[in-house]
Structures are given as C-alpha cells and as structure tokens.
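Listing of target17.txt, compact mmCIF, C-alpha atoms
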```txt
# COMPACT_ATOMS: atom_id res chain seq x y z
CA MET A 36 -6.43 -10.38 12.38
CA VAL A 37 -7.11 -7.10 10.60
CA ASP A 38 -8.50 -7.57 7.09
CA ILE A 39 -5.83 -6.54 4.58
CA THR A 40 -7.32 -8.19 1.50
CA HIS A 41 -8.19 -4.78 0.02
CA LYS A 42 -4.60 -3.52 0.19
CA ILE A 43 -2.05 -3.56 -2.61
CA SER A 44 1.44 -5.01 -2.29
CA THR A 45 4.36 -2.58 -2.15
CA LEU A 46 8.01 -2.84 -1.16
CA ARG A 47 8.04 -2.71 2.64
CA THR A 48 11.19 -2.17 4.69
CA ALA A 49 11.87 -1.75 8.38
CA THR A 50 14.93 -1.36 10.59
CA ALA A 51 14.86 -2.07 14.31
CA LYS A 52 17.48 -1.78 17.02
CA ALA A 53 18.12 -3.58 20.30
CA THR A 54 21.00 -3.05 22.68
CA VAL A 55 22.72 -5.57 24.93
CA ILE A 56 24.78 -4.05 27.76
CA VAL A 57 27.34 -6.22 29.55
CA SER A 58 29.15 -5.43 32.79
CA LEU A 59 32.66 -6.56 31.98
CA GLN A 60 35.19 -5.75 29.27
CA ALA A 61 36.14 -9.40 29.46
CA THR A 62 32.67 -10.28 28.18
CA ILE A 63 33.12 -8.07 25.14
CA ASP A 64 36.56 -9.58 24.55
CA ALA A 65 35.10 -13.09 24.74
CA VAL A 66 32.42 -12.21 22.20
CA VAL A 67 34.83 -10.55 19.77
CA ASN A 68 37.44 -13.33 20.04
CA ASN A 69 34.88 -16.18 19.94
CA LEU A 70 35.81 -17.47 23.40
CA VAL A 71 32.33 -17.84 24.88
CA PRO A 72 31.82 -21.47 26.09
CA LYS A 73 28.38 -21.77 24.46
CA GLY A 74 29.75 -20.93 21.02
CA ASN A 75 30.01 -18.06 18.56
CA VAL A 76 27.63 -15.53 20.09
CA LEU A 77 27.29 -13.20 17.12
CA GLU A 78 26.59 -15.96 14.59
CA MET A 79 24.30 -17.99 16.87
CA ALA A 80 22.27 -14.92 17.81
CA LYS A 81 22.01 -13.87 14.16
CA THR A 82 20.72 -17.33 13.21
CA ALA A 83 18.14 -17.19 15.98
CA GLY A 84 16.98 -13.80 14.74
CA LEU A 85 16.60 -15.08 11.18
CA PHE A 86 14.40 -17.93 12.38
CA ALA A 87 12.41 -15.59 14.61
CA VAL A 88 11.58 -12.96 12.00
CA LYS A 89 10.06 -15.58 9.70
CA ASN A 90 7.84 -16.85 12.50
CA THR A 91 6.69 -13.57 14.02
CA HIS A 92 3.04 -14.39 13.25
CA LEU A 93 3.29 -17.46 15.49
CA SER A 94 4.21 -15.29 18.49
CA ILE A 95 2.24 -12.07 17.92
CA PRO A 96 -1.48 -12.84 17.47
CA ASP A 97 -2.38 -9.95 15.13
CA CYS A 98 0.63 -10.33 12.84
CA HIS A 99 -0.03 -11.76 9.39
CA PRO A 100 2.13 -14.50 7.87
CA ILE A 101 4.48 -12.51 5.65
CA PRO A 102 6.91 -13.71 2.96
CA ILE A 103 10.17 -12.34 4.38
CA GLU A 104 12.34 -11.68 1.34
CA PHE A 105 15.43 -10.10 2.89
CA THR A 106 16.92 -9.91 6.37
CA SER A 107 20.24 -8.65 7.64
CA VAL A 108 21.76 -8.36 11.10
CA GLU A 109 24.56 -5.95 11.91
CA TYR A 110 26.42 -5.39 15.19
CA GLN A 111 27.97 -2.22 16.53
CA ILE A 112 30.14 -2.60 19.63
CA ASN A 113 30.78 0.52 21.69
CA ALA A 114 32.49 0.12 25.09
CA LEU A 115 30.24 -2.34 26.98
CA SER A 116 27.27 -2.08 24.62
CA ILE A 117 26.40 -4.23 21.62
CA ASP A 118 23.87 -2.62 19.31
CA ILE A 119 21.86 -4.98 17.11
CA ILE A 120 20.63 -3.46 13.84
CA PHE A 121 17.97 -5.66 12.25
CA ASN A 122 16.75 -4.99 8.67
CA VAL A 123 13.76 -6.65 6.98
CA LYS A 124 12.30 -6.32 3.47
CA THR A 125 9.29 -7.79 1.72
CA VAL A 126 6.86 -7.01 -1.08
CA TYR A 127 3.49 -7.39 0.57
CA LYS A 128 0.29 -5.70 1.75
CA THR A 129 1.39 -4.87 5.28
CA GLY A 130 4.52 -3.60 6.97
CA VAL A 131 7.38 -5.48 8.62
CA GLU A 132 8.18 -3.23 11.59
CA VAL A 133 6.98 -5.78 14.17
CA GLU A 134 8.96 -8.48 12.38
CA ALA A 135 12.12 -6.35 12.56
CA MET A 136 11.59 -5.60 16.27
CA HIS A 137 10.84 -9.26 16.98
CA GLY A 138 14.01 -10.33 15.20
CA ALA A 139 16.13 -7.79 17.09
CA SER A 140 14.56 -8.90 20.37
CA ILE A 141 15.37 -12.56 19.79
CA VAL A 142 18.94 -11.73 18.80
CA ALA A 143 19.30 -9.86 22.09
CA LEU A 144 17.72 -12.67 24.12
CA THR A 145 19.98 -15.24 22.47
CA MET A 146 23.03 -13.16 23.33
CA TYR A 147 21.80 -12.87 26.90
CA ASP A 148 21.33 -16.63 27.15
CA MET A 149 24.79 -17.36 25.78
CA LEU A 150 26.59 -14.77 27.88
CA LYS A 151 24.88 -15.24 31.25
CA PRO A 152 27.31 -18.01 32.38
CA ILE A 153 30.21 -15.55 32.16
CA ASP A 154 28.46 -12.30 33.08
CA LYS A 155 25.70 -12.09 35.69
CA ASN A 156 24.79 -8.44 35.06
CA ILE A 157 23.74 -8.33 31.42
CA GLU A 158 20.95 -5.97 30.45
CA ILE A 159 18.77 -5.76 27.33
CA SER A 160 17.94 -2.16 26.57
CA THR A 161 16.14 0.02 24.03
CA ILE A 162 14.31 -2.25 21.64
CA LYS A 163 12.86 0.22 19.15
CA LEU A 164 11.93 0.86 15.53
CA ILE A 165 14.47 3.00 13.68
CA SER A 166 12.68 3.42 10.36
CA LYS A 167 10.04 1.95 8.07
CA GLU A 168 9.00 2.59 4.47
CA GLY A 169 6.46 1.37 1.97
CA GLY A 170 3.16 2.03 3.71
CA LYS A 171 0.68 4.89 3.39
CA SER A 172 3.07 7.38 4.97
CA SER A 173 5.60 6.76 2.19
CA PHE A 174 3.20 7.66 -0.62
CA LYS A 175 1.36 10.69 0.65
CA ASN A 176 0.49 13.30 -1.94
CA ARG A 177 0.07 16.84 -0.70
CA PHE A 178 -1.78 19.49 -2.66
CA PRO A 179 -2.24 23.20 -1.93
CA SER A 180 -6.01 22.84 -2.34
CA ALA A 181 -8.49 19.98 -2.39
CA ILE A 182 -8.72 17.80 -5.48
CA LYS A 183 -12.23 18.10 -6.97
CA ALA A 184 -14.14 15.25 -8.60
CA ALA A 185 -17.34 14.73 -10.59
CA VAL A 186 -18.90 11.26 -10.35
CA PHE A 187 -21.36 9.87 -12.92
CA VAL A 188 -23.34 6.63 -12.75
CA CYS A 189 -23.99 5.29 -16.26
CA SER A 190 -27.06 3.05 -16.08
CA ASP A 191 -30.33 3.00 -17.99
CA SER A 192 -32.09 1.08 -15.20
CA ILE A 193 -30.90 3.33 -12.38
CA PHE A 194 -31.67 6.44 -14.45
CA ALA A 195 -35.22 5.09 -14.98
CA GLY A 196 -35.61 4.53 -11.23
CA ASP A 197 -35.84 0.74 -11.47
CA LYS A 198 -32.72 0.20 -9.35
CA GLN A 199 -30.82 2.04 -6.63
CA ASP A 200 -27.27 3.25 -7.14
CA ARG A 201 -24.61 1.75 -4.91
CA SER A 202 -21.41 1.89 -6.94
CA GLY A 203 -21.46 5.68 -7.37
CA LYS A 204 -21.99 6.21 -3.66
CA ILE A 205 -19.09 3.86 -2.86
CA ILE A 206 -16.85 5.93 -5.15
CA VAL A 207 -17.91 9.15 -3.44
CA GLU A 208 -17.20 7.60 -0.01
CA LYS A 209 -13.74 6.44 -1.10
CA LEU A 210 -12.94 9.87 -2.52
CA GLU A 211 -13.89 11.48 0.77
CA VAL A 212 -11.56 9.14 2.67
CA CYS A 213 -8.77 10.20 0.28
CA GLY A 214 -9.45 13.88 0.88
CA VAL A 215 -11.03 14.44 -2.55
CA GLU A 216 -14.06 16.72 -2.74
CA THR A 217 -16.95 15.45 -4.87
CA THR A 218 -18.47 18.55 -6.44
CA HIS A 219 -21.00 16.76 -8.63
CA TYR A 220 -22.80 13.38 -8.51
CA GLU A 221 -25.28 12.40 -11.20
CA ILE A 222 -27.03 9.38 -12.67
CA ILE A 223 -27.12 9.40 -16.47
CA PRO A 224 -28.34 6.96 -19.16
CA ASP A 225 -26.05 4.80 -21.27
CA GLU A 226 -25.88 7.26 -24.13
CA ILE A 227 -22.64 8.18 -25.90
CA ASP A 228 -23.57 11.82 -26.49
CA VAL A 229 -24.58 12.33 -22.84
CA ILE A 230 -21.36 10.78 -21.55
CA GLN A 231 -19.26 12.88 -23.89
CA GLU A 232 -21.08 16.09 -23.04
CA ARG A 233 -20.62 15.51 -19.28
CA THR A 234 -16.95 14.66 -19.74
CA LYS A 235 -16.13 17.80 -21.72
CA ALA A 236 -18.12 20.04 -19.40
CA PHE A 237 -16.90 18.76 -16.06
CA ALA A 238 -13.25 18.16 -17.00
CA LYS A 239 -12.87 21.94 -17.16
CA GLU A 240 -13.56 22.45 -13.45
CA ASN A 241 -12.64 19.10 -11.87
CA GLN A 242 -9.34 17.25 -11.71
CA LEU A 243 -11.18 13.93 -11.61
CA VAL A 244 -14.12 12.82 -13.75
CA ILE A 245 -15.20 9.30 -12.81
CA PHE A 246 -17.81 7.16 -14.54
CA THR A 247 -19.11 3.90 -13.11
CA GLY A 248 -21.00 1.52 -15.35
CA GLY A 249 -21.12 0.76 -19.04
CA THR A 250 -17.72 -0.96 -19.19
CA GLY A 251 -19.00 -4.47 -19.86
CA LEU A 252 -19.76 -6.22 -23.15
CA SER A 253 -23.52 -5.78 -23.53
CA PRO A 254 -24.87 -3.69 -26.43
CA ARG A 255 -25.74 -0.80 -24.07
CA ASP A 256 -22.27 -0.72 -22.44
CA VAL A 257 -20.89 2.28 -24.32
CA THR A 258 -18.82 4.22 -21.79
CA PRO A 259 -15.44 3.25 -23.30
CA GLN A 260 -16.63 4.09 -26.82
CA ALA A 261 -17.78 7.49 -25.58
CA LEU A 262 -14.58 8.36 -23.72
CA GLU A 263 -11.83 7.00 -25.96
CA PRO A 264 -12.18 9.65 -28.73
CA LEU A 265 -12.01 12.43 -26.12
CA LEU A 266 -8.95 11.34 -24.18
CA GLU A 267 -5.70 13.07 -25.06
CA THR A 268 -3.44 10.54 -23.34
CA ARG A 269 -4.42 7.02 -22.33
CA ILE A 270 -2.81 5.66 -19.16
CA PRO A 271 -2.61 1.87 -19.64
CA GLY A 272 -0.90 1.38 -16.27
CA ILE A 273 -3.99 2.50 -14.38
CA GLU A 274 -6.21 0.22 -16.47
CA GLU A 275 -3.84 -2.70 -15.95
CA ALA A 276 -3.62 -2.09 -12.20
CA ILE A 277 -7.42 -2.14 -11.85
CA ARG A 278 -7.89 -5.31 -13.89
CA SER A 279 -4.97 -7.12 -12.23
CA TYR A 280 -6.27 -6.24 -8.76
CA GLY A 281 -9.77 -7.39 -9.66
CA GLN A 282 -8.61 -10.59 -11.35
CA GLN A 283 -6.88 -11.65 -8.15
CA ARG A 284 -10.26 -11.48 -6.42
CA MET A 285 -12.72 -12.78 -9.02
CA PRO A 286 -12.19 -14.41 -12.42
CA TYR A 287 -14.48 -12.17 -14.49
CA SER A 288 -12.54 -8.93 -14.04
CA MET A 289 -10.70 -9.59 -17.29
CA LEU A 290 -13.95 -8.85 -19.12
CA SER A 291 -14.18 -5.29 -17.86
CA ARG A 292 -13.20 -2.52 -20.28
CA THR A 293 -11.84 -0.07 -17.75
CA VAL A 294 -10.57 3.18 -19.27
CA ALA A 295 -8.17 5.77 -17.87
CA GLY A 296 -6.73 8.85 -19.51
CA THR A 297 -6.36 12.60 -19.43
CA LEU A 298 -8.41 15.40 -20.87
CA GLY A 299 -6.66 18.70 -20.29
CA ASN A 300 -5.55 18.69 -16.65
CA SER A 301 -8.26 16.23 -15.65
CA LEU A 302 -7.96 12.48 -15.09
CA VAL A 303 -10.93 10.61 -16.57
CA LEU A 304 -11.77 7.12 -15.31
CA ALA A 305 -14.37 4.60 -16.46
CA LEU A 306 -14.90 1.97 -13.77
CA PRO A 307 -17.16 -1.10 -13.58
CA GLY A 308 -20.76 -0.58 -12.57
CA SER A 309 -21.08 -3.46 -10.12
CA THR A 310 -20.78 -2.61 -6.44
CA ASN A 311 -17.76 -4.85 -5.90
CA GLY A 312 -16.21 -3.82 -9.20
CA ALA A 313 -16.38 -0.14 -8.31
CA LYS A 314 -15.09 -0.72 -4.78
CA GLU A 315 -12.19 -2.92 -5.87
CA SER A 316 -11.24 -0.52 -8.66
CA MET A 317 -11.03 2.33 -6.19
CA ASP A 318 -9.05 0.19 -3.73
CA ALA A 319 -6.66 -0.78 -6.53
CA ILE A 320 -5.54 2.74 -7.41
CA PHE A 321 -6.50 5.19 -4.66
CA PRO A 322 -4.96 7.21 -3.13
CA HIS A 323 -1.78 6.53 -5.12
CA VAL A 324 -3.32 7.54 -8.45
CA LEU A 325 -3.59 11.12 -7.16
CA HIS A 326 0.15 11.39 -7.81
CA VAL A 327 -0.81 11.93 -11.45
CA PHE A 328 -1.63 15.55 -10.65
CA HIS A 329 1.99 16.18 -9.66
CA ILE A 330 3.17 14.56 -12.89
CA LEU A 331 0.77 16.61 -15.00
CA LYS A 332 2.43 19.71 -13.57
CA GLY A 333 5.84 18.53 -14.75
CA LYS A 334 7.13 17.20 -11.45
CA ASN A 335 8.94 13.89 -11.08
CA HIS A 336 7.89 10.69 -9.30
CA ASP A 337 9.88 11.54 -6.17
CA THR A 338 7.65 14.55 -5.49
CA LYS A 339 5.28 14.10 -2.57
```

Please go through the file and, once you have read it, give me the structure as structure tokens.
Amino acid sequence: MVDITHKISTLRTATAKATVIVSLQATIDAVVNNLVPKGNVLEMAKTAGLFAVKNTHLSIPDCHPIPIEFTSVEYQINALSIDIIFNVKTVYKTGVEVEAMHGASIVALTMYDMLKPIDKNIEISTIKLISKEGGKSSFKNRFPSAIKAAVFVCSDSIFAGDKQDRSGKIIVEKLEVCGVETTHYEIIPDEIDVIQERTKAFAKENQLVIFTGGTGLSPRDVTPQALEPLLETRIPGIEEAIRSYGQQRMPYSMLSRTVAGTLGNSLVLALPGSTNGAKESMDAIFPHVLHVFHILKGKNHDTK
C-alpha cells in the first residue's frame, strides 16, 4: 500500500452513485410495496452496503483500513431506474471515494440478486463518484505571485564545517514541492544576535523565514530566545500542530521548543535541527500553513 504515515488527518467525505435499471413497472411496484419474495430489497441492500464499505480494504488491495465514521444510503426512484446515493465520512489521512463507490456497488449487486427471480433483464449502470472533499484539492491556496522564503540552519558544528547540513536542505525541498521559492539559504552559528539580525533583515523581503536547529534544551540552543522578543504575534496552533504530529511518531518531540509567529507580513518558524524533526515538522503544517498569508491580508478562512 502507499505510505500515508506522513499525512495529517482531516475530515474526508465522498458521495458515490450507482443505478439499477429494471425492465418492468411491476418490479418497481414490488420493491416499493415490499412484495419481493427474497425480502425487503431497499433495507437488505442498504445493510449489505454498510457491511461492504467497512471492509473495502479486504477487497481492494491498495485501500487502507479506514475508520468509517458515518455512512448513509439514499434511493431515488425514477420510472424504471433506482439511483443509489452512497455517502461516507471519516476523519483520517486518506480519502473515502473508493469506499463510497464500493458501498454503492454492493448495494446495486444486492438489489440485482434479490430482484433477478422476478425480473430477468435487470441492469447495473453508472457507478461513479459524485463528489469528494477533505484532501489536498480542498485546501489549495492560490497566490498571485510565488511565496518567497529564507531558510537558515542554526548549528555551530555545521557552521564550523564539522558536519553536513541535511535538515535545511529537506526544508528547501519541501518548500519547492509546495510552490514556495527559496530566495536565501544560509548556515549560521548558534548566536542570538546573528539569528535576530537575519530575522529582521529577511522578514522584510520574504513571507517565510524558517530556522532549523537550536530548539532543544542544551546551553547553545538559543533560537527560541532569539526569536521570541521579535515576534509580534505568536501562533500557538502551529507550534501545537508540529509537536502533536511529532509526538505521534517519536516520544521525544515534546522536548522541542518549536516557535511560530509573525513579524510584519512574514511568518517566522523555528523548527528542530534533526533531519527527521525538520521533515516531520514540515509535513505537519505544509502546505496548509500557507493559508496564513490570506489571513494576514484580512481574508477569512473560507478563502482559497
């Protein structure tokens, strides 16, 4: 299966449709009046669909086991057609469109099985996805020009040439994937005055100023101390999202002093210096955090 461990959970919804076409009005009448010999077609088919949607991963090899948290089945009868509208909701890392289509398909097959003794010309038609929400397409942020970022690696050892930087390069790669242009990348020592000078200088021309390193508890980890006096507005939600995401993956994330806040129209972030810490922090909040630039312009959360 596709690796989804890096994804965040969001509300995911999907609606699928399947159509059963019968050949006789008498068949429709039997369904509506509950006269089909095998039983109540609409209720039996609905039950089958509810079982099916929860077990989609057992039938479709690449589907992940998903906690299905809401399902509904609706019927629309028009002449000799019975439309099946299948809705699914969950809060998870991946979508439920296949689950909705699988559920609608099984409802249709169950109806076929129950009606075939009284109608030999039943047809299952048009199994398709009607809508889905909650994935990347639901949270796209569009900007008239590229978001610009400056990335700084805070590390005495890397600055001295004793180690190679990996976390800063991972941040730059993630920004590129998100359509953010990195205008400046630099390795600096763990010095409060250097960090503050770079922040004030580069926040004027870049919407993002990102530091990696110096967020731990050692005496030379001073990035939070350098940034906190400069920030005009702290954004605890970003900090909480990063730590919560990391804590779900390794137990030491709670010790990181991640910082997020604004300076002018720039978002300033202080992320962990470890390779995994930087990667997971970026995965936790990007690209959704870019929505902050709409909010800073006075727009609401519905703005894409």

Item to check | Minimum-distance residue to Phe121 of chain A, chosen among A:Thr50, A:Gln282, A:Thr62, A:Ser291 (using all atoms listed in the file) | outcome: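 Among A:Thr50, A:Gln282, A:Thr62, A:Ser291, it is A:Thr50 that comes nearest to Phe121 of chain A.
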
Checklist entry - Contacts of segment 211-228 of chain A at 6 Å or less, counting all atoms listed in the file, minus same-chain residues fewer than 6 places along, as an MDAnalysis selection string? => result chainID A and resid 182:191 194 261 322

Deliver the residues from the most recent selection as a file, using C-alpha atoms, as a compact mmCIF listing (two decimals), in the coordinates of the input.
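The resulting file, part.txt, is reproduced below:
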```
# COMPACT_ATOMS: atom_id res chain seq x y z
CA ILE A 182 -8.72 17.80 -5.48
CA LYS A 183 -12.23 18.10 -6.97
CA ALA A 184 -14.14 15.25 -8.60
CA ALA A 185 -17.34 14.73 -10.59
CA VAL A 186 -18.90 11.26 -10.35
CA PHE A 187 -21.36 9.87 -12.92
CA VAL A 188 -23.34 6.63 -12.75
CA CYS A 189 -23.99 5.29 -16.26
CA SER A 190 -27.06 3.05 -16.08
CA ASP A 191 -30.33 3.00 -17.99
CA PHE A 194 -31.67 6.44 -14.45
CA ALA A 261 -17.78 7.49 -25.58
CA PRO A 322 -4.96 7.21 -3.13
```

Using only C-alpha atoms, determine which residues lie at most 9 Å from Ser309 of chain A, disregarding the query and same-chain residues fewer than 5 positions distant; provide the list as a PDB file with C-alpha atoms, keeping the file's coordinate frame.
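The resulting file, out-v1.pdb, is reproduced below:
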```pdb
ATOM      1  CA  ARG A 201     -24.610   1.750  -4.910  1.00  0.00           C
ATOM      2  CA  SER A 202     -21.410   1.890  -6.940  1.00  0.00           C
ATOM      3  CA  THR A 247     -19.110   3.900 -13.110  1.00  0.00           C
ATOM      4  CA  GLY A 248     -21.000   1.520 -15.350  1.00  0.00           C
ATOM      5  CA  LYS A 314     -15.090  -0.720  -4.780  1.00  0.00           C
TER       6      LYS A 314
END
```

Next on the checklist: Using Å and a single decimal, report how far atom CA of Asp148 of chain A sits from atom CA of Pro96 of chain A.
Outcome noted: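 Distance reported for this atom pair: 25.1 Å.
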
Item to check | Contacts of Pro264 of chain A within 12 Å, all atoms listed in the file, excl. fewer than 5 positions in-chain, as a ChimeraX atom specification | outcome: /A:227-228,230-231,234-235,258-259,269,294,296-298

Checklist entry - Restricting the calculation to all atoms listed in the file, which member of A:Leu265, A:Ile119, A:Ile320, A:Met146 is positioned closest to Gly74 of chain A? => result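 Ranking A:Leu265, A:Ile119, A:Ile320, A:Met146 by distance to Gly74 of chain A, first place goes to A:Met146.
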
Checklist entry - How many Å separate atom CA of Val67 of chain A from atom CA of Val142 of chain A? => result 16.0 Å

Checklist outcome for this item: From atom CA of Ala114 of chain A to atom CA of Leu85 of chain A the spacing works out at 26.0 Å

Next on the checklist: I'd like the neighbourhood of Val57 of chain A as a PyMOL selection string, where a residue qualifies if any of its atoms comes within 10 Å (using only C-alpha atoms), though same-chain residues fewer than 5 positions away should be ignored.
Outcome noted: chain A and resi 62-63+114-117+147+150-151+154-159

Item to check | For Glu263 of chain A, the nearest of the candidates A:Asn241, A:Thr145, A:Thr293, A:Gln60, counting all atoms listed in the file | outcome: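 That would be A:Thr293, the residue with the smallest distance to Glu263 of chain A.
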
Provide an axis-aligned box for all listed atoms of segment 131-145 of chain A, padding each side by 8 Å; report its centre and its edge lengths in Å to one decimal, as AutoDock Vina command-line options.
```
--center_x 13.5 --center_y -9.2 --center_z 16.4 --size_x 29.0 --size_y 28.0 --size_z 31.5
```

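Shortest separation to Ile270 of chain A among A:Pro152, A:Val244, A:Leu304, A:Thr48 occurs at residue A:Leu304, atoms counted being all atoms listed in the file.
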
Would you list the contacts of segment 164-167 of chain A as a PDB file with C-alpha atoms, in the coordinates of the input, taking every protein, DNA or RNA residue within 10 Å and counting only C-alpha atoms, but skipping same-chain residues closer than 4 positions in sequence?
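Contents of around_9.pdb, freshly written:
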```pdb
ATOM      1  CA  ARG A  47       8.040  -2.710   2.640  1.00  0.00           C
ATOM      2  CA  THR A  48      11.190  -2.170   4.690  1.00  0.00           C
ATOM      3  CA  ALA A  49      11.870  -1.750   8.380  1.00  0.00           C
ATOM      4  CA  THR A  50      14.930  -1.360  10.590  1.00  0.00           C
ATOM      5  CA  ALA A  51      14.860  -2.070  14.310  1.00  0.00           C
ATOM      6  CA  LYS A  52      17.480  -1.780  17.020  1.00  0.00           C
ATOM      7  CA  ALA A  53      18.120  -3.580  20.300  1.00  0.00           C
ATOM      8  CA  ILE A 120      20.630  -3.460  13.840  1.00  0.00           C
ATOM      9  CA  PHE A 121      17.970  -5.660  12.250  1.00  0.00           C
ATOM     10  CA  ASN A 122      16.750  -4.990   8.670  1.00  0.00           C
ATOM     11  CA  VAL A 123      13.760  -6.650   6.980  1.00  0.00           C
ATOM     12  CA  LYS A 124      12.300  -6.320   3.470  1.00  0.00           C
ATOM     13  CA  GLY A 130       4.520  -3.600   6.970  1.00  0.00           C
ATOM     14  CA  VAL A 131       7.380  -5.480   8.620  1.00  0.00           C
ATOM     15  CA  GLU A 132       8.180  -3.230  11.590  1.00  0.00           C
ATOM     16  CA  VAL A 133       6.980  -5.780  14.170  1.00  0.00           C
ATOM     17  CA  ALA A 135      12.120  -6.350  12.560  1.00  0.00           C
ATOM     18  CA  MET A 136      11.590  -5.600  16.270  1.00  0.00           C
ATOM     19  CA  ALA A 139      16.130  -7.790  17.090  1.00  0.00           C
ATOM     20  CA  SER A 172       3.070   7.380   4.970  1.00  0.00           C
ATOM     21  CA  SER A 173       5.600   6.760   2.190  1.00  0.00           C
TER      22      SER A 173
END
```

Checklist entry - Out of A:Leu243, A:Gln260, A:Ala319, A:Gln283, which residue has the shortest atom-to-atom distance to Leu302 of chain A when counting only C-alpha atoms? => result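 Looking at the shortest contact to Leu302 of chain A, the residue is A:Leu243.
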